[in-house]
$ cat protein-v6.txt   # compact mmCIF, C-alpha atoms and all ligand atoms
# COMPACT_ATOMS: atom_id res chain seq x y z
CA MET A 27 -12.00 -16.70 0.97
CA GLN A 28 -11.50 -18.15 4.42
CA GLY A 29 -7.94 -18.01 5.68
CA GLN A 30 -6.44 -16.38 2.64
CA TYR A 31 -4.80 -13.70 4.71
CA SER A 32 -3.39 -16.02 7.31
CA CYS A 33 0.36 -15.76 7.47
CA ALA A 34 1.20 -19.39 7.06
CA TRP A 35 4.75 -18.67 6.11
CA ALA A 36 7.57 -21.01 6.86
CA SER A 37 9.22 -20.09 10.11
CA ASP A 38 11.87 -22.75 9.80
CA PRO A 39 15.02 -21.06 8.52
CA THR A 40 16.36 -24.38 7.36
CA ALA A 41 13.40 -25.03 5.04
CA PRO A 42 14.68 -25.64 1.51
CA HIS A 43 12.98 -22.63 -0.02
CA ALA A 44 14.72 -20.36 2.48
CA VAL A 45 18.09 -21.34 1.08
CA ARG A 46 18.60 -18.89 -1.69
CA ASP A 47 21.49 -17.03 -3.04
CA THR A 48 21.18 -13.46 -4.23
CA GLN A 49 19.44 -14.42 -7.44
CA ASP A 50 16.55 -16.91 -7.62
CA GLY A 51 16.40 -16.87 -11.37
CA HIS A 52 13.13 -14.93 -11.46
CA GLY A 53 13.97 -11.73 -9.73
CA ARG A 54 16.65 -9.52 -8.34
CA GLN A 55 17.15 -9.98 -4.66
CA HIS A 56 19.53 -8.71 -2.09
CA THR A 57 20.36 -9.61 1.43
CA GLY A 58 18.37 -7.66 3.94
CA LEU A 59 19.20 -8.74 7.43
CA PRO A 60 22.49 -10.53 7.63
CA GLN A 61 22.82 -12.25 10.98
CA GLU A 62 25.79 -14.21 12.22
CA GLY A 63 25.27 -17.92 11.71
CA ARG A 64 21.73 -17.61 10.35
CA LEU A 65 20.36 -17.50 6.88
CA ALA A 66 19.49 -13.97 5.95
CA LEU A 67 16.07 -13.11 4.62
CA LYS A 68 16.31 -11.53 1.20
CA ALA A 69 14.42 -8.56 -0.10
CA LEU A 70 12.77 -9.03 -3.49
CA ILE A 71 13.64 -5.88 -5.36
CA GLU A 72 12.33 -6.56 -8.83
CA THR A 73 10.68 -9.43 -10.64
CA ASP A 74 11.56 -10.55 -14.12
CA PHE A 75 8.98 -13.13 -15.19
CA SER A 76 9.95 -13.72 -18.78
CA ASN A 77 6.92 -15.99 -19.50
CA LEU A 78 4.59 -13.12 -18.69
CA THR A 79 3.96 -9.70 -20.20
CA LEU A 80 4.64 -6.76 -17.93
CA PHE A 81 1.59 -4.51 -17.62
CA ALA A 82 3.08 -1.87 -15.34
CA ARG A 83 5.92 -1.45 -12.90
CA GLY A 84 5.01 0.95 -10.12
CA LYS A 85 7.11 2.18 -7.25
CA VAL A 86 6.37 -0.95 -5.30
CA ARG A 87 4.43 -3.38 -7.43
CA ASP A 88 5.14 -5.22 -10.63
CA VAL A 89 1.93 -5.95 -12.53
CA TYR A 90 1.71 -8.63 -15.24
CA VAL A 91 -0.94 -9.52 -17.77
CA ALA A 92 -2.68 -12.82 -16.97
CA GLY A 93 -5.10 -13.46 -19.81
CA ASP A 94 -8.02 -11.10 -19.25
CA ASN A 95 -6.84 -10.57 -15.70
CA LEU A 96 -3.83 -9.04 -13.99
CA LEU A 97 -1.24 -10.49 -11.68
CA MET A 98 -0.15 -7.95 -9.08
CA VAL A 99 3.14 -8.68 -7.35
CA ALA A 100 4.21 -6.63 -4.34
CA THR A 101 7.98 -6.43 -4.17
CA ASP A 102 9.96 -5.37 -1.11
CA ARG A 103 10.80 -1.98 -2.60
CA ILE A 104 10.23 0.99 -0.34
CA SER A 105 9.91 4.61 -1.29
CA ALA A 106 10.44 7.78 0.70
CA PHE A 107 10.31 11.40 -0.40
CA ASP A 108 9.02 10.18 -3.80
CA HIS A 109 12.05 7.98 -4.52
CA VAL A 110 12.41 4.23 -4.46
CA LEU A 111 15.29 3.60 -2.07
CA GLY A 112 18.38 1.59 -2.82
CA THR A 113 17.54 -1.01 -0.16
CA GLY A 114 14.35 -3.04 0.19
CA ILE A 115 12.61 -4.21 3.35
CA PRO A 116 12.61 -8.02 3.35
CA GLY A 117 9.07 -9.37 3.45
CA LYS A 118 7.38 -5.98 3.07
CA GLY A 119 5.54 -7.06 -0.09
CA LYS A 120 4.21 -10.12 1.72
CA ILE A 121 3.02 -8.17 4.73
CA LEU A 122 1.29 -5.57 2.57
CA THR A 123 -0.34 -8.16 0.33
CA GLN A 124 -1.65 -10.09 3.33
CA LEU A 125 -2.93 -6.86 4.85
CA SER A 126 -4.77 -5.95 1.63
CA LEU A 127 -6.33 -9.42 1.60
CA PHE A 128 -7.44 -9.00 5.17
CA TRP A 129 -9.18 -5.73 4.31
CA PHE A 130 -10.74 -7.03 1.10
CA ASP A 131 -12.31 -9.76 3.18
CA GLN A 132 -13.46 -7.36 5.92
CA LEU A 133 -14.90 -4.80 3.52
CA SER A 134 -16.47 -6.89 0.79
CA TYR A 135 -19.92 -6.32 2.29
CA ILE A 136 -19.59 -2.64 1.34
CA VAL A 137 -18.38 -3.03 -2.25
CA PRO A 138 -17.17 -5.93 -4.42
CA ASN A 139 -13.45 -5.98 -5.17
CA HIS A 140 -11.12 -7.12 -7.92
CA LEU A 141 -9.56 -10.08 -6.09
CA LEU A 142 -9.85 -13.47 -7.79
CA SER A 143 -7.25 -15.47 -5.90
CA ALA A 144 -4.03 -15.18 -3.94
CA SER A 145 -3.05 -18.82 -4.43
CA PRO A 146 -0.43 -19.26 -7.16
CA LEU A 147 -1.89 -22.60 -8.23
CA ASP A 148 -5.05 -20.76 -9.31
CA TYR A 149 -2.94 -18.51 -11.54
CA PRO A 150 -2.49 -19.19 -15.27
CA GLU A 151 0.02 -21.93 -16.02
CA GLU A 152 2.58 -19.47 -17.40
CA ALA A 153 2.94 -18.11 -13.87
CA TRP A 154 3.56 -21.45 -12.19
CA PRO A 155 7.35 -21.46 -12.66
CA TYR A 156 7.44 -18.39 -10.43
CA ARG A 157 5.15 -19.68 -7.72
CA GLU A 158 7.84 -19.70 -5.02
CA THR A 159 8.46 -16.02 -5.62
CA LEU A 160 4.74 -15.29 -5.92
CA ARG A 161 3.71 -17.03 -2.73
CA ASP A 162 2.16 -14.64 -0.18
CA ARG A 163 3.01 -11.51 -2.17
CA SER A 164 0.74 -11.66 -5.20
CA MET A 165 -2.88 -11.51 -6.23
CA LEU A 166 -4.71 -12.46 -9.38
CA VAL A 167 -7.23 -9.70 -9.96
CA ARG A 168 -9.90 -8.82 -12.48
CA ARG A 169 -8.69 -6.21 -14.91
CA ALA A 170 -10.96 -3.21 -14.59
CA GLU A 171 -11.42 0.05 -16.41
CA MET A 172 -9.86 2.27 -13.77
CA TYR A 173 -11.40 5.63 -12.85
CA PRO A 174 -8.72 8.31 -13.25
CA VAL A 175 -9.18 9.57 -9.70
CA GLU A 176 -7.58 8.68 -6.39
CA CYS A 177 -10.37 8.47 -3.86
CA VAL A 178 -8.96 9.82 -0.62
CA ALA A 179 -10.73 9.86 2.72
CA ARG A 180 -9.34 11.97 5.56
CA GLY A 181 -10.22 11.78 9.21
CA TYR A 182 -7.35 13.98 10.42
CA LEU A 183 -5.50 17.06 9.15
CA ALA A 184 -2.23 15.91 7.62
CA GLY A 185 -0.08 16.11 4.53
CA SER A 186 -1.55 18.00 1.58
CA GLY A 187 -4.85 18.31 3.48
CA TRP A 188 -3.15 20.29 6.23
CA LYS A 189 -1.25 22.39 3.68
CA ASP A 190 -4.44 23.29 1.81
CA TYR A 191 -6.34 23.99 5.02
CA LYS A 192 -3.57 26.26 6.31
CA ALA A 193 -3.48 28.18 3.02
CA THR A 194 -7.19 28.39 2.21
CA GLY A 195 -9.28 27.15 5.14
CA SER A 196 -10.62 24.40 2.94
CA ILE A 197 -9.58 21.09 1.38
CA CYS A 198 -10.68 20.22 -2.16
CA GLY A 199 -13.29 22.96 -1.92
CA ILE A 200 -14.72 21.66 1.37
CA ASP A 201 -14.75 24.38 4.02
CA ILE A 202 -13.41 23.20 7.35
CA ARG A 203 -14.03 24.83 10.72
CA PRO A 204 -11.25 27.36 11.43
CA GLY A 205 -8.76 26.99 14.28
CA LEU A 206 -7.89 23.31 13.89
CA TRP A 207 -4.35 22.17 14.60
CA GLU A 208 -2.10 20.08 12.43
CA SER A 209 -2.94 16.37 12.89
CA GLU A 210 -6.19 17.20 14.69
CA ARG A 211 -9.20 15.00 14.12
CA LEU A 212 -11.62 16.54 11.64
CA PRO A 213 -15.18 17.19 12.81
CA GLU A 214 -16.14 14.43 10.38
CA PRO A 215 -14.28 12.42 7.74
CA ILE A 216 -14.12 14.07 4.34
CA PHE A 217 -13.70 12.89 0.76
CA THR A 218 -10.83 14.66 -1.03
CA PRO A 219 -10.29 13.33 -4.55
CA ALA A 220 -6.98 13.71 -6.37
CA THR A 221 -5.81 13.17 -9.89
CA LYS A 222 -3.48 10.25 -10.41
CA SER A 223 0.02 11.57 -10.94
CA GLN A 224 2.35 10.48 -13.68
CA GLN A 225 5.36 8.62 -12.35
CA GLY A 226 7.42 10.70 -9.98
CA ALA A 227 4.97 13.60 -9.76
CA HIS A 228 2.74 14.47 -6.80
CA ASP A 229 -0.96 13.71 -6.88
CA GLU A 230 -2.99 16.88 -7.17
CA ASN A 231 -6.03 17.51 -5.01
CA ILE A 232 -9.12 18.37 -7.03
CA SER A 233 -12.58 19.63 -6.18
CA PHE A 234 -15.59 17.36 -6.28
CA ASP A 235 -16.85 19.38 -9.26
CA HIS A 236 -13.64 18.63 -11.11
CA MET A 237 -14.10 14.95 -10.35
CA VAL A 238 -17.64 15.14 -11.76
CA GLU A 239 -16.14 16.45 -15.00
CA LEU A 240 -13.78 13.45 -15.09
CA VAL A 241 -16.13 10.59 -14.24
CA GLY A 242 -19.66 11.99 -14.32
CA GLY A 243 -21.93 13.01 -11.46
CA GLU A 244 -23.48 9.65 -10.69
CA VAL A 245 -20.17 7.80 -10.49
CA ALA A 246 -18.52 10.62 -8.51
CA GLU A 247 -21.27 10.49 -5.91
CA LYS A 248 -21.12 6.72 -5.68
CA LEU A 249 -17.32 6.73 -5.27
CA ARG A 250 -17.56 9.38 -2.56
CA GLU A 251 -20.18 7.37 -0.70
CA LEU A 252 -18.15 4.15 -0.99
CA THR A 253 -14.90 5.83 0.02
CA LEU A 254 -16.43 7.31 3.16
CA ALA A 255 -18.15 4.05 4.07
CA LEU A 256 -14.91 2.08 3.64
CA TYR A 257 -12.95 4.67 5.61
CA SER A 258 -15.41 4.72 8.45
CA GLN A 259 -15.46 0.94 8.80
CA ALA A 260 -11.66 0.63 8.55
CA ALA A 261 -10.90 3.59 10.83
CA GLY A 262 -13.21 2.18 13.49
CA HIS A 263 -11.50 -1.19 13.31
CA ALA A 264 -8.03 0.35 13.36
CA GLU A 265 -8.82 2.57 16.33
CA ARG A 266 -9.96 -0.44 18.34
CA CYS A 267 -6.52 -1.90 17.51
CA GLY A 268 -4.62 1.18 18.72
CA ILE A 269 -3.98 2.67 15.28
CA LEU A 270 -5.40 5.91 13.95
CA LEU A 271 -6.17 5.84 10.25
CA ALA A 272 -5.39 9.49 9.49
CA ASP A 273 -6.18 9.15 5.80
CA THR A 274 -6.19 6.61 3.02
CA LYS A 275 -6.47 6.34 -0.72
CA PHE A 276 -8.67 3.93 -2.65
CA GLU A 277 -8.76 3.23 -6.37
CA PHE A 278 -11.89 1.98 -8.06
CA GLY A 279 -12.53 0.53 -11.46
CA ALA A 280 -15.51 -0.85 -13.31
CA ILE A 281 -16.27 -4.02 -15.21
CA ASP A 282 -19.47 -4.07 -17.26
CA GLY A 283 -20.79 -1.09 -15.33
CA THR A 284 -20.20 -2.64 -11.90
CA ILE A 285 -17.94 -0.63 -9.60
CA LEU A 286 -15.12 -2.62 -8.00
CA LEU A 287 -12.63 -1.73 -5.30
CA ALA A 288 -9.24 -2.28 -6.96
CA ASP A 289 -5.53 -1.80 -6.33
CA GLU A 290 -4.20 -2.29 -2.80
CA VAL A 291 -6.27 -1.28 0.19
CA LEU A 292 -5.46 0.21 3.55
CA THR A 293 -1.80 -0.63 3.60
CA PRO A 294 0.86 1.67 5.06
CA ASP A 295 1.80 2.52 1.44
CA SER A 296 -1.67 3.88 0.68
CA SER A 297 -2.56 5.22 4.11
CA ARG A 298 -1.29 7.22 7.06
CA PHE A 299 -1.33 5.06 10.14
CA TRP A 300 -0.53 6.68 13.47
CA ASP A 301 0.12 5.15 16.83
CA ALA A 302 -2.99 6.17 18.83
CA THR A 303 -1.06 6.41 22.10
CA ARG A 304 1.37 8.95 20.62
CA HIS A 305 -1.13 11.19 18.90
CA HIS A 306 -0.30 14.82 19.70
CA PRO A 307 -2.07 17.40 17.54
CA GLY A 308 -0.14 20.60 16.92
CA ARG A 309 2.64 19.05 14.88
CA ALA A 310 3.26 16.40 12.25
CA GLN A 311 2.91 12.87 13.65
CA ALA A 312 5.56 10.21 13.43
CA SER A 313 4.81 7.96 10.49
CA TYR A 314 3.95 4.51 11.77
CA ASP A 315 6.04 2.63 9.23
CA LYS A 316 8.57 4.96 7.65
CA GLN A 317 9.73 7.05 10.56
CA PHE A 318 13.05 5.25 10.97
CA VAL A 319 13.66 5.55 7.24
CA ARG A 320 12.85 9.25 7.09
CA ASP A 321 14.91 10.06 10.19
CA TYR A 322 17.83 8.14 8.76
CA LEU A 323 17.61 9.88 5.39
CA GLU A 324 17.43 13.27 7.09
CA ASN A 325 20.38 12.39 9.32
CA ILE A 326 22.66 11.39 6.48
CA GLY A 327 21.76 14.65 4.74
CA TRP A 328 20.42 13.14 1.53
CA ASN A 329 19.43 15.91 -0.89
CA LYS A 330 16.32 13.93 -1.97
CA GLN A 331 17.55 13.67 -5.55
CA ALA A 332 18.33 10.43 -7.38
CA PRO A 333 20.14 8.20 -6.75
CA ALA A 334 18.38 7.31 -3.51
CA PRO A 335 20.72 6.02 -0.83
CA HIS A 336 20.88 2.59 0.77
CA LEU A 337 19.57 2.06 4.27
CA SER A 338 21.51 0.78 7.24
CA GLU A 339 20.82 -2.74 8.51
CA LEU A 340 19.39 -1.32 11.71
CA VAL A 341 16.91 0.87 9.86
CA VAL A 342 15.87 -2.05 7.66
CA LYS A 343 15.26 -4.18 10.72
CA GLN A 344 13.37 -1.50 12.64
CA THR A 345 11.21 -0.76 9.62
CA GLN A 346 10.43 -4.39 8.99
CA GLU A 347 9.39 -4.69 12.62
CA LYS A 348 6.99 -1.76 12.26
CA TYR A 349 5.30 -3.37 9.26
CA LEU A 350 4.98 -6.61 11.18
CA GLU A 351 3.60 -4.77 14.18
CA ALA A 352 0.98 -2.94 12.09
CA PHE A 353 -0.06 -6.27 10.58
CA ARG A 354 -0.26 -7.94 13.97
CA LEU A 355 -2.25 -5.13 15.57
CA LEU A 356 -4.71 -4.80 12.71
CA THR A 357 -5.31 -8.47 11.98
CA GLY A 358 -4.63 -10.12 15.34
CA ARG A 359 -2.23 -12.50 13.60
CA THR A 360 1.52 -12.81 13.49
CA CYS A 361 3.68 -13.39 10.46
CA ALA A 362 6.80 -15.46 10.25
CA LEU A 363 8.71 -14.01 7.33
CA GLN A 364 10.87 -16.64 5.80
CA GLY A 365 11.20 -17.70 2.23
N1 LIG B 401 -8.09 -4.27 -11.13
C1 LIG B 401 -7.29 -3.44 -11.80
N2 LIG B 401 -7.40 -3.30 -13.15
C2 LIG B 401 -6.59 -2.46 -13.85
N3 LIG B 401 -5.61 -1.72 -13.29
C3 LIG B 401 -5.45 -1.81 -11.95
C4 LIG B 401 -6.27 -2.67 -11.14
N4 LIG B 401 -5.87 -2.53 -9.84
C5 LIG B 401 -4.87 -1.63 -9.84
N5 LIG B 401 -4.60 -1.19 -11.10
C6 LIG B 401 -3.56 -0.24 -11.51
O1 LIG B 401 -2.32 -0.94 -11.46
C7 LIG B 401 -1.26 -0.06 -11.09
C8 LIG B 401 -0.57 -0.63 -9.84
O2 LIG B 401 0.66 -0.12 -9.78
P1 LIG B 401 1.34 0.50 -8.48
O3 LIG B 401 2.47 -0.37 -8.13
O4 LIG B 401 0.33 0.80 -7.43
O5 LIG B 401 1.90 1.80 -9.11
P2 LIG B 401 1.93 3.30 -8.64
O6 LIG B 401 3.37 3.60 -8.42
O7 LIG B 401 1.33 3.98 -9.83
O8 LIG B 401 1.08 3.42 -7.40
C9 LIG B 401 -1.91 1.29 -10.81
O9 LIG B 401 -1.78 2.08 -11.95
C10 LIG B 401 -3.39 0.94 -10.57
O10 LIG B 401 -4.24 2.00 -10.94
MG MG B 402 -0.27 2.49 -6.27

$ encode --input "protein-v6.txt" --output "structure tokens"
Amino acid sequence: MQGQYSCAWASDPTAPHAVRDTQDGHGRQHTGLPQEGRLALKALIETDFSNLTLFARGKVRDVYVAGDNLLMVATDRISAFDHVLGTGIPGKGKILTQLSLFWFDQLSYIVPNHLLSASPLDYPEEAWPYRETLRDRSMLVRRAEMYPVECVARGYLAGSGWKDYKATGSICGIDIRPGLWESERLPEPIFTPATKSQQGAHDENISFDHMVELVGGEVAEKLRELTLALYSQAAGHAERCGILLADTKFEFGAIDGTILLADEVLTPDSSRFWDATRHHPGRAQASYDKQFVRDYLENIGWNKQAPAPHLSELVVKQTQEKYLEAFRLLTGRTCALQG
């Protein structure tokens, strides 16, 4: 859909929809970036659309039933060290939704996807009362039978891939040349499936044979082929934009036997983005988006147990800027986050 990922968001802070108090009637919000004499942008922490049935509430997204379809709403929640933090990043859900839309558009020649529309007026009537909240941060998608596997592609050695390689010399049963450093580029991108974790638990890497047991050989091979094709196209694009796509996770589903790319795609929440100019193998790389958050949480000595702490205003602002920067670099567009 032409232009659906353009960030046509109001940049006028005096626009009526920007004047909100801490509760818009449809969701819990809190002030994110108070600035002297200016209206602060609010973070949308949780939605509460009483006309609609909640399908699932994830760490970041609230998903509602919309007839035979689903309405996926990206809030401004942010997680770190497996916990949703006490403070949101204003506009994050909008940036990530627009980024997903950009990628769906770019990658649809490889595989069809679940997107029906990102325009609230195309949504079922029950959702219309919430259209101000839904604008720019939601998608109406086809409800698919999801495959119970996270389809991960890795181009670099990081995270659980690095851990497994260090311990066994292989990742998900794939032998990798010895002597590689942490964060080093792999000789070629690899497909490393994982089981979907229950809430709060870590995903677990599985072998391709294990995946075959879960979804069958034909589907497993198709999902591997699609995952690597999507990764290769996206990583090439990102690299030309100055961002290394270290790894990313896709989720696929099927409708009437047709495989669809579902969920979110190639956002900082589902991927490791690295700044190409700061890539130094031999150690862990700074996370593109969450580095300020992680440093802050380490500095205040949080024990990584609930309740998760709040973030400082500075960290919120720096983090928001990183999301905006990733969006700008990858799409060539800028976003005005207001409303
Ligand atoms: N088209 C679809 N049909 C059915 N389920 C989907 C579709 N796209 C995504 N999902 C599921 O919706 C949920 C989205 O929730 P999310 O906020 O990502 O939660 P999580 O914390 O589990 O990542 C996931 O369980 C995902 O598998
Ligand atoms: Mg998810």

$ residues_near_ligand --input "protein-v6.txt" --ligand "ligand LIG 401 (chain B)" --cutoff "9 Å" --atoms "all atoms listed in the file" --output "PyMOL selection string"
chain A and resi 81-89+95-96+98-100+139-141+167-174+176+222-226+277-280+286-290+295-296

$ write_last_selection --input "protein-v6.txt" --atoms "C-alpha atoms" --output "mmCIF file, in the coordinates of the input"
data_model
loop_
_atom_site.group_PDB
_atom_site.id
_atom_site.type_symbol
_atom_site.label_atom_id
_atom_site.label_comp_id
_atom_site.auth_asym_id
_atom_site.auth_seq_id
_atom_site.Cartn_x
_atom_site.Cartn_y
_atom_site.Cartn_z
ATOM 1 C CA PHE A 81 1.590 -4.510 -17.620
ATOM 2 C CA ALA A 82 3.080 -1.870 -15.340
ATOM 3 C CA ARG A 83 5.920 -1.450 -12.900
ATOM 4 C CA GLY A 84 5.010 0.950 -10.120
ATOM 5 C CA LYS A 85 7.110 2.180 -7.250
ATOM 6 C CA VAL A 86 6.370 -0.950 -5.300
ATOM 7 C CA ARG A 87 4.430 -3.380 -7.430
ATOM 8 C CA ASP A 88 5.140 -5.220 -10.630
ATOM 9 C CA VAL A 89 1.930 -5.950 -12.530
ATOM 10 C CA ASN A 95 -6.840 -10.570 -15.700
ATOM 11 C CA LEU A 96 -3.830 -9.040 -13.990
ATOM 12 C CA MET A 98 -0.150 -7.950 -9.080
ATOM 13 C CA VAL A 99 3.140 -8.680 -7.350
ATOM 14 C CA ALA A 100 4.210 -6.630 -4.340
ATOM 15 C CA ASN A 139 -13.450 -5.980 -5.170
ATOM 16 C CA HIS A 140 -11.120 -7.120 -7.920
ATOM 17 C CA LEU A 141 -9.560 -10.080 -6.090
ATOM 18 C CA VAL A 167 -7.230 -9.700 -9.960
ATOM 19 C CA ARG A 168 -9.900 -8.820 -12.480
ATOM 20 C CA ARG A 169 -8.690 -6.210 -14.910
ATOM 21 C CA ALA A 170 -10.960 -3.210 -14.590
ATOM 22 C CA GLU A 171 -11.420 0.050 -16.410
ATOM 23 C CA MET A 172 -9.860 2.270 -13.770
ATOM 24 C CA TYR A 173 -11.400 5.630 -12.850
ATOM 25 C CA PRO A 174 -8.720 8.310 -13.250
ATOM 26 C CA GLU A 176 -7.580 8.680 -6.390
ATOM 27 C CA LYS A 222 -3.480 10.250 -10.410
ATOM 28 C CA SER A 223 0.020 11.570 -10.940
ATOM 29 C CA GLN A 224 2.350 10.480 -13.680
ATOM 30 C CA GLN A 225 5.360 8.620 -12.350
ATOM 31 C CA GLY A 226 7.420 10.700 -9.980
ATOM 32 C CA GLU A 277 -8.760 3.230 -6.370
ATOM 33 C CA PHE A 278 -11.890 1.980 -8.060
ATOM 34 C CA GLY A 279 -12.530 0.530 -11.460
ATOM 35 C CA ALA A 280 -15.510 -0.850 -13.310
ATOM 36 C CA LEU A 286 -15.120 -2.620 -8.000
ATOM 37 C CA LEU A 287 -12.630 -1.730 -5.300
ATOM 38 C CA ALA A 288 -9.240 -2.280 -6.960
ATOM 39 C CA ASP A 289 -5.530 -1.800 -6.330
ATOM 40 C CA GLU A 290 -4.200 -2.290 -2.800
ATOM 41 C CA ASP A 295 1.800 2.520 1.440
ATOM 42 C CA SER A 296 -1.670 3.880 0.680
#

$ residues_around --input "protein-v6.txt" --residues "segment 123-136 of chain A" --least-positions-apart "5" --cutoff "7 Å" --atoms "all atoms listed in the file" --output "number ranges by chain"
A: 31, 100, 162-164, 256, 290-293, 353

$ closest_residue --input "protein-v6.txt" --among "A:Cys177, A:Leu350, A:Ala261, A:Ala69" --to "ligand MG 402 (chain B)" --atoms "all atoms listed in the file"
A:Cys177

$ atom_distance --input "protein-v6.txt" --atom1 "atom CA of Ala153 of chain A" --atom2 "atom CA of Thr113 of chain A"
26.3 Å

$ closest_residue --input "protein-v6.txt" --among "A:Thr274, A:Ser233, A:Gln259, A:Gln331" --to "ligand MG 402 (chain B)" --atoms "only C-alpha atoms and all ligand atoms"
A:Thr274

$ residues_around --input "protein-v6.txt" --residues "Ala302 of chain A" --least-positions-apart "5" --cutoff "9 Å" --atoms "only C-alpha atoms" --output "ChimeraX atom specification"
/A:265,267-270

$ atom_distance --input "protein-v6.txt" --atom1 "atom CA of Leu212 of chain A" --atom2 "atom CA of Leu183 of chain A"
6.6 Å

$ residues_around --input "protein-v6.txt" --residues "Glu210 of chain A" --least-positions-apart "3" --cutoff "9 Å" --atoms "all atoms listed in the file" --output "mmCIF file with C-alpha atoms, in the coordinates of the input"
data_model
loop_
_atom_site.group_PDB
_atom_site.id
_atom_site.type_symbol
_atom_site.label_atom_id
_atom_site.label_comp_id
_atom_site.auth_asym_id
_atom_site.auth_seq_id
_atom_site.Cartn_x
_atom_site.Cartn_y
_atom_site.Cartn_z
ATOM 1 C CA GLY A 181 -10.220 11.780 9.210
ATOM 2 C CA TYR A 182 -7.350 13.980 10.420
ATOM 3 C CA LEU A 183 -5.500 17.060 9.150
ATOM 4 C CA ALA A 184 -2.230 15.910 7.620
ATOM 5 C CA LEU A 206 -7.890 23.310 13.890
ATOM 6 C CA TRP A 207 -4.350 22.170 14.600
ATOM 7 C CA HIS A 305 -1.130 11.190 18.900
ATOM 8 C CA HIS A 306 -0.300 14.820 19.700
ATOM 9 C CA PRO A 307 -2.070 17.400 17.540
ATOM 10 C CA GLY A 308 -0.140 20.600 16.920
#

$ closest_residue --input "protein-v6.txt" --among "A:Trp328, A:Tyr314, A:Phe276, A:Tyr322" --to "ligand MG 402 (chain B)" --atoms "only C-alpha atoms and all ligand atoms"
A:Phe276

$ closest_residue --input "protein-v6.txt" --among "A:Leu80, A:Ala334, A:Val175, A:Leu147" --to "ligand MG 402 (chain B)" --atoms "all atoms listed in the file"
A:Val175

$ closest_residue --input "protein-v6.txt" --among "A:Leu67, A:Glu244, A:Arg157, A:Pro294" --to "ligand MG 402 (chain B)" --atoms "only C-alpha atoms and all ligand atoms"
A:Pro294

$ closest_residue --input "protein-v6.txt" --among "A:Ser258, A:Ser297, A:Asn231, A:Ser143" --to "ligand MG 402 (chain B)" --atoms "all atoms listed in the file"
A:Ser297

$ atom_distance --input "protein-v6.txt" --atom1 "atom CA of Ala106 of chain A" --atom2 "atom CA of Thr360 of chain A"
25.8 Å

$ residues_around --input "protein-v6.txt" --residues "Val342 of chain A" --least-positions-apart "3" --cutoff "6 Å" --atoms "only C-alpha atoms" --output "VMD selection string"
chain A and resid 115 339 345

$ axis_aligned_box --input "protein-v6.txt" --around "segment 356-364 of chain A" --padding-each-side "4 Å" --output "AutoDock Vina command-line options"
--center_x 2.8 --center_y -10.7 --center_z 10.6 --size_x 24.2 --size_y 19.8 --size_z 17.5

$ residues_near_point --input "protein-v6.txt" --point "(19.3, 1.8, 7.3)" --cutoff "12 Å" --atoms "all atoms listed in the file" --output "ChimeraX atom specification"
/A:58-59,104,111-115,316-326,335-346

$ decode --input "protein-v6.txt" --residues "segment 355-365 of chain A" --atoms "N, CA and C atoms" --output "PDB file, in the first residue's frame"
ATOM      1  N   LEU A 355      17.308   6.224   9.351  1.00  0.00           N
ATOM      2  CA  LEU A 355      18.364   5.615   8.545  1.00  0.00           C
ATOM      3  C   LEU A 355      17.808   4.523   7.632  1.00  0.00           C
ATOM      4  N   LEU A 356      16.924   3.699   8.182  1.00  0.00           N
ATOM      5  CA  LEU A 356      16.454   2.542   7.414  1.00  0.00           C
ATOM      6  C   LEU A 356      15.428   2.904   6.344  1.00  0.00           C
ATOM      7  N   THR A 357      14.621   3.927   6.619  1.00  0.00           N
ATOM      8  CA  THR A 357      13.545   4.235   5.676  1.00  0.00           C
ATOM      9  C   THR A 357      13.814   5.491   4.853  1.00  0.00           C
ATOM     10  N   GLY A 358      14.780   6.298   5.278  1.00  0.00           N
ATOM     11  CA  GLY A 358      15.027   7.562   4.585  1.00  0.00           C
ATOM     12  C   GLY A 358      13.971   8.607   4.885  1.00  0.00           C
ATOM     13  N   ARG A 359      13.139   8.360   5.894  1.00  0.00           N
ATOM     14  CA  ARG A 359      12.095   9.317   6.262  1.00  0.00           C
ATOM     15  C   ARG A 359      12.273   9.762   7.695  1.00  0.00           C
ATOM     16  N   THR A 360      11.677  10.907   8.023  1.00  0.00           N
ATOM     17  CA  THR A 360      11.723  11.331   9.419  1.00  0.00           C
ATOM     18  C   THR A 360      10.314  11.242  10.019  1.00  0.00           C
ATOM     19  N   CYS A 361      10.268  11.120  11.311  1.00  0.00           N
ATOM     20  CA  CYS A 361       8.982  11.054  11.999  1.00  0.00           C
ATOM     21  C   CYS A 361       8.839  12.215  12.953  1.00  0.00           C
ATOM     22  N   ALA A 362       7.726  12.865  12.911  1.00  0.00           N
ATOM     23  CA  ALA A 362       7.408  13.846  13.951  1.00  0.00           C
ATOM     24  C   ALA A 362       6.468  13.122  14.901  1.00  0.00           C
ATOM     25  N   LEU A 363       6.886  12.951  16.109  1.00  0.00           N
ATOM     26  CA  LEU A 363       6.068  12.176  17.065  1.00  0.00           C
ATOM     27  C   LEU A 363       5.224  13.102  17.900  1.00  0.00           C
ATOM     28  N   GLN A 364       4.022  13.273  17.540  1.00  0.00           N
ATOM     29  CA  GLN A 364       3.150  14.103  18.367  1.00  0.00           C
ATOM     30  C   GLN A 364       1.765  13.514  18.275  1.00  0.00           C
ATOM     31  N   GLY A 365       1.092  13.449  19.377  1.00  0.00           N
ATOM     32  CA  GLY A 365      -0.269  12.923  19.335  1.00  0.00           C
ATOM     33  C   GLY A 365      -0.355  11.524  19.901  1.00  0.00           C
TER      34      GLY A 365
END
